[in-house]
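Novice: Input structure: data_34.tsv, which contains TSV, C-alpha atoms.
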chain	number	residue	atom	x	y	z
A	1	MET	CA	46.50	8.53	48.05
A	2	THR	CA	44.77	8.63	44.69
A	3	VAL	CA	41.38	10.20	44.12
A	4	PRO	CA	39.28	8.37	41.52
A	5	LEU	CA	38.19	10.53	38.59
A	6	PRO	CA	34.69	10.27	37.13
A	7	SER	CA	34.47	8.23	33.96
A	8	ARG	CA	32.72	11.03	32.08
A	9	ALA	CA	32.48	14.76	32.44
A	10	THR	CA	29.13	16.17	33.51
A	11	LEU	CA	27.84	19.70	33.04
A	12	PRO	CA	25.20	21.42	35.12
A	13	ALA	CA	22.00	22.28	33.27
A	14	ALA	CA	22.90	25.97	33.08
A	15	GLY	CA	26.27	25.17	31.50
A	16	LEU	CA	24.63	22.93	28.94
A	17	ALA	CA	22.10	25.62	28.08
A	18	ALA	CA	24.94	28.13	27.67
A	19	LEU	CA	26.72	25.81	25.24
A	20	LEU	CA	23.55	25.32	23.22
A	21	LEU	CA	22.69	29.03	23.06
A	22	LEU	CA	26.23	30.24	22.29
A	23	PRO	CA	25.86	29.81	18.50
A	24	LEU	CA	22.52	31.65	18.63
A	25	THR	CA	23.95	34.63	20.48
A	26	ALA	CA	26.92	34.74	18.13
A	27	CYS	CA	24.58	34.84	15.13
A	28	ALA	CA	22.40	37.53	16.70
A	29	GLY	CA	25.29	40.02	16.61
A	30	ALA	CA	26.43	39.18	13.08
A	31	GLU	CA	24.74	42.24	11.61
A	32	GLU	CA	27.19	44.58	13.39
A	33	GLY	CA	30.08	42.86	11.63
A	34	SER	CA	31.55	40.98	14.60
A	35	PRO	CA	30.56	37.33	15.16
A	36	THR	CA	30.99	37.75	18.93
A	37	ALA	CA	29.30	41.13	19.25
A	38	ALA	CA	26.08	41.34	21.21
A	39	THR	CA	23.82	44.25	22.04
A	40	SER	CA	23.30	45.11	25.68
A	41	ALA	CA	20.05	46.34	27.19
A	42	SER	CA	21.15	49.99	26.64
A	43	GLY	CA	21.70	49.33	22.92
A	44	THR	CA	25.50	49.61	22.95
A	45	PRO	CA	27.44	46.75	21.35
A	46	THR	CA	29.45	44.62	23.76
A	47	SER	CA	31.38	41.43	23.26
A	48	ALA	CA	29.86	38.10	24.29
A	49	ALA	CA	32.62	37.55	26.81
A	50	THR	CA	31.99	40.92	28.45
A	51	SER	CA	28.23	40.44	28.62
A	52	THR	CA	28.50	37.00	30.18
A	53	SER	CA	31.22	37.99	32.64
A	54	THR	CA	29.00	40.63	34.27
A	55	ALA	CA	26.11	38.18	34.68
A	56	PRO	CA	25.54	36.70	38.15
A	57	THR	CA	26.77	33.19	38.75
A	58	THR	CA	24.69	30.22	39.87
A	59	ARG	CA	25.44	27.78	42.69
A	60	GLY	CA	27.61	25.59	40.48
A	61	GLY	CA	29.85	28.50	39.54
A	62	SER	CA	28.62	28.73	35.95
A	63	THR	CA	26.96	31.74	34.39
A	64	PRO	CA	23.40	31.45	33.10
A	65	ALA	CA	22.91	31.87	29.38
A	66	VAL	CA	21.11	34.84	27.93
A	67	PRO	CA	18.16	33.54	25.90
A	68	ALA	CA	18.11	34.60	22.26
A	69	SER	CA	15.12	36.33	20.76
A	70	PRO	CA	12.82	33.79	18.99
A	71	VAL	CA	11.88	36.37	16.33
A	72	PRO	CA	14.64	37.36	13.90
A	73	PRO	CA	15.25	41.13	13.47
A	74	SER	CA	13.33	42.73	10.67
A	75	GLY	CA	15.06	42.88	7.31
A	76	ARG	CA	17.32	39.92	8.07
A	77	PHE	CA	15.19	37.00	6.92
A	78	THR	CA	14.16	36.69	3.31
A	79	ALA	CA	12.36	33.73	1.85
A	80	PRO	CA	14.30	31.72	-0.71
A	81	PRO	CA	13.13	32.29	-4.29
A	82	LEU	CA	10.74	29.76	-5.72
A	83	SER	CA	12.02	27.45	-8.43
A	84	ARG	CA	11.10	28.33	-11.98
A	85	THR	CA	11.49	24.71	-13.02
A	86	VAL	CA	8.20	22.99	-13.76
A	87	PRO	CA	7.99	19.65	-11.93
A	88	PRO	CA	7.54	16.61	-14.17
A	89	SER	CA	4.00	15.38	-14.55
A	90	LEU	CA	3.04	11.87	-13.60
A	91	GLY	CA	0.97	11.37	-16.74
A	92	THR	CA	-1.93	9.00	-16.99
A	93	PRO	CA	-1.49	5.57	-15.48
A	94	PRO	CA	-1.64	2.63	-17.88
A	95	LYS	CA	-4.94	0.83	-18.13
A	96	PRO	CA	-5.09	-2.57	-16.47
A	97	PRO	CA	-5.35	-5.52	-18.84
A	98	LYS	CA	-8.82	-6.75	-19.63
A	99	PRO	CA	-9.77	-9.83	-17.66
A	100	THR	CA	-9.78	-13.01	-19.65
A	101	GLY	CA	-11.93	-16.03	-19.10
A	102	PRO	CA	-10.63	-19.45	-18.23
A	103	SER	CA	-8.49	-21.02	-20.94
A	104	ASP	CA	-9.91	-24.52	-20.42
A	105	LEU	CA	-13.47	-23.80	-21.52
A	106	LEU	CA	-15.24	-26.54	-23.36
A	107	PRO	CA	-17.14	-25.73	-26.54
A	108	THR	CA	-20.73	-24.72	-25.83
A	109	ASN	CA	-22.10	-28.07	-27.01
A	110	LEU	CA	-19.80	-30.14	-24.73
A	111	VAL	CA	-20.73	-30.71	-21.09
A	112	ALA	CA	-18.80	-32.65	-18.45
A	113	GLY	CA	-20.40	-34.14	-15.34
A	114	HIS	CA	-21.83	-37.22	-13.61
A	115	VAL	CA	-24.51	-39.58	-14.82
A	116	THR	CA	-27.38	-39.63	-12.29
A	117	ARG	CA	-29.75	-41.98	-14.15
A	118	GLY	CA	-27.91	-44.51	-16.27
A	119	GLY	CA	-28.65	-47.62	-18.22
A	120	SER	CA	-28.88	-48.65	-21.84
A	121	GLY	CA	-31.05	-45.67	-22.85
A	122	PRO	CA	-32.56	-43.87	-24.57
A	123	CYS	CA	-33.17	-41.55	-21.49
A	124	TYR	CA	-30.46	-40.52	-19.03
A	125	GLY	CA	-30.11	-38.15	-16.09
A	126	PHE	CA	-27.01	-35.97	-15.98
A	127	VAL	CA	-25.63	-33.20	-13.71
A	128	SER	CA	-22.89	-31.01	-15.19
A	129	GLU	CA	-19.86	-29.65	-13.29
A	130	ASP	CA	-21.67	-26.32	-13.16
A	131	GLY	CA	-24.53	-27.97	-11.24
A	132	VAL	CA	-27.05	-27.89	-14.12
A	133	GLU	CA	-29.34	-30.95	-14.28
A	134	TYR	CA	-30.10	-32.32	-17.75
A	135	ALA	CA	-32.69	-34.79	-18.99
A	136	LEU	CA	-30.83	-36.37	-21.91
A	137	HIS	CA	-32.18	-38.44	-24.78
A	138	GLY	CA	-29.85	-40.49	-26.94
A	139	ALA	CA	-30.97	-43.49	-28.98
A	140	ASP	CA	-27.42	-44.40	-30.06
A	141	ALA	CA	-25.60	-43.40	-26.83
A	142	GLY	CA	-25.10	-46.94	-25.57
A	143	THR	CA	-24.90	-47.87	-21.90
A	144	LEU	CA	-23.95	-45.16	-19.36
A	145	ALA	CA	-23.16	-46.34	-15.82
A	146	GLU	CA	-24.78	-44.34	-13.00
A	147	GLY	CA	-22.21	-42.21	-11.10
A	148	SER	CA	-19.63	-42.22	-13.90
A	149	PHE	CA	-17.96	-38.98	-14.99
A	150	VAL	CA	-18.40	-38.34	-18.71
A	151	THR	CA	-18.10	-35.59	-21.28
A	152	LEU	CA	-20.99	-35.51	-23.74
A	153	ARG	CA	-21.79	-33.51	-26.86
A	154	ILE	CA	-25.36	-32.29	-26.58
A	155	SER	CA	-27.81	-30.23	-28.64
A	156	ALA	CA	-31.33	-28.92	-28.26
A	157	ARG	CA	-33.77	-31.81	-28.19
A	158	SER	CA	-35.29	-32.51	-31.59
A	159	VAL	CA	-37.60	-35.34	-30.43
A	160	ARG	CA	-40.44	-34.59	-27.99
A	161	MET	CA	-39.81	-37.15	-25.31
A	162	ASN	CA	-40.09	-36.86	-21.53
A	163	CYS	CA	-36.83	-38.11	-20.01
A	164	GLY	CA	-37.42	-36.81	-16.47
A	165	PRO	CA	-36.47	-33.68	-14.55
A	166	GLY	CA	-33.85	-31.29	-15.92
A	167	VAL	CA	-33.09	-29.25	-19.01
A	168	PRO	CA	-34.19	-31.31	-22.05
A	169	ALA	CA	-31.34	-32.05	-24.48
A	170	SER	CA	-30.24	-34.72	-26.97
A	171	ILE	CA	-26.94	-36.58	-26.99
A	172	VAL	CA	-25.14	-36.07	-30.31
A	173	PRO	CA	-23.26	-39.20	-31.45
A	174	ARG	CA	-19.64	-38.66	-32.44
Just dump the structure as structure tokens.
Specialist:
Amino acid sequence: MTVPLPSRATLPAAGLAALLLLPLTACAGAEEGSPTAATSASGTPTSAATSTSTAPTTRGGSTPAVPASPVPPSGRFTAPPLSRTVPPSLGTPPKPPKPTGPSDLLPTNLVAGHVTRGGSGPCYGFVSEDGVEYALHGADAGTLAEGSFVTLRISARSVRMNCGPGVPASIVPR
């Protein structure tokens, strides 16, 4: 008859705690010169094996671990020296580039838009792409069809003529 073995070894909680605290108790006795030396309650050095063998056992047959002191003994801990190296400075960040305007700007005397009042002239209605309404006068402009998209060269009106609502301007012939 064969007895099945467990697929993995399990430790009781006390055994696991003992394994985790073993390096701490070994380090606690390092000042006496022996890595396994520990100090008993009376102050006499004893070995780790001797101190754990006299401890009572738990139900699972393992010995409970002796908790290590959370505060290190005085004179043992010294802070590491600070670095004498000056850390590099970040410096000043570069300035962002200045914003530039659109590269497809028309000269100030050219406007593009739709003809709102057309005909053979000399007065026309015009709304630019920017939404500005113009009242244009142009004796030699020819016929402009209403609704057509055109680009016109304009200037301040030199003739006093009422061509309707909008900013008064004159069409400059090319």
Novice: Considering all atoms listed in the file, give me a table of residues in region 139-162 of chain A that are at most 8 Å from region 107-120 of chain A, with the closest atom pair and distance in Å for each, as a tab-separated table.
Specialist:
residue	atom	partner	partner_atom	distance
A:Ala141	CA	A:Ser120	CA	8.0
A:Gly142	CA	A:Ser120	CA	5.6
A:Thr143	CA	A:Ser120	CA	4.1
A:Leu144	CA	A:Gly118	CA	5.1
A:Ala145	CA	A:Gly118	CA	5.1
A:Glu146	CA	A:Gly118	CA	4.5
A:Gly147	CA	A:Val115	CA	5.1
A:Ser148	CA	A:His114	CA	5.5
A:Phe149	CA	A:His114	CA	4.5
A:Val150	CA	A:Ala112	CA	5.7
A:Thr151	CA	A:Ala112	CA	4.1
A:Leu152	CA	A:Val111	CA	5.5
A:Arg153	CA	A:Leu110	CA	4.5
A:Ile154	CA	A:Asn109	CA	5.3
A:Ser155	CA	A:Asn109	CA	6.3
Novice: Separation of CA of Asp104 (chain A) and CA of Asp140 (chain A), in Å?
Specialist: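 A separation of 28.2 Å between them.
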Novice: Which residues come within 10 Å of Val159 (chain A), counting all atoms listed in the file, excluding same-chain residues fewer than 2 positions away, as a PyMOL selection string?
Specialist: chain A and resi 137-138+156-157+161-162+168-170
Novice: Rounded to one decimal in Å, what is the spacing between CA of Cys163 (chain A) and CA of Tyr134 (chain A)?
Specialist: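 About the pair CA of Cys163 (chain A) and CA of Tyr134 (chain A): they are 9.2 Å apart.
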Novice: Tell me, in Å to one decimal, how far CA of Glu129 (chain A) is from CA of Ser103 (chain A).
Specialist: 16.2 Å
Novice: Smallest atom-to-atom distance to Gly121 (chain A): which of A:Ala135, A:Val167, A:Pro87, A:Pro102, using only C-alpha atoms?
Specialist: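 Result for the nearest residue to Gly121 (chain A): A:Ala135.
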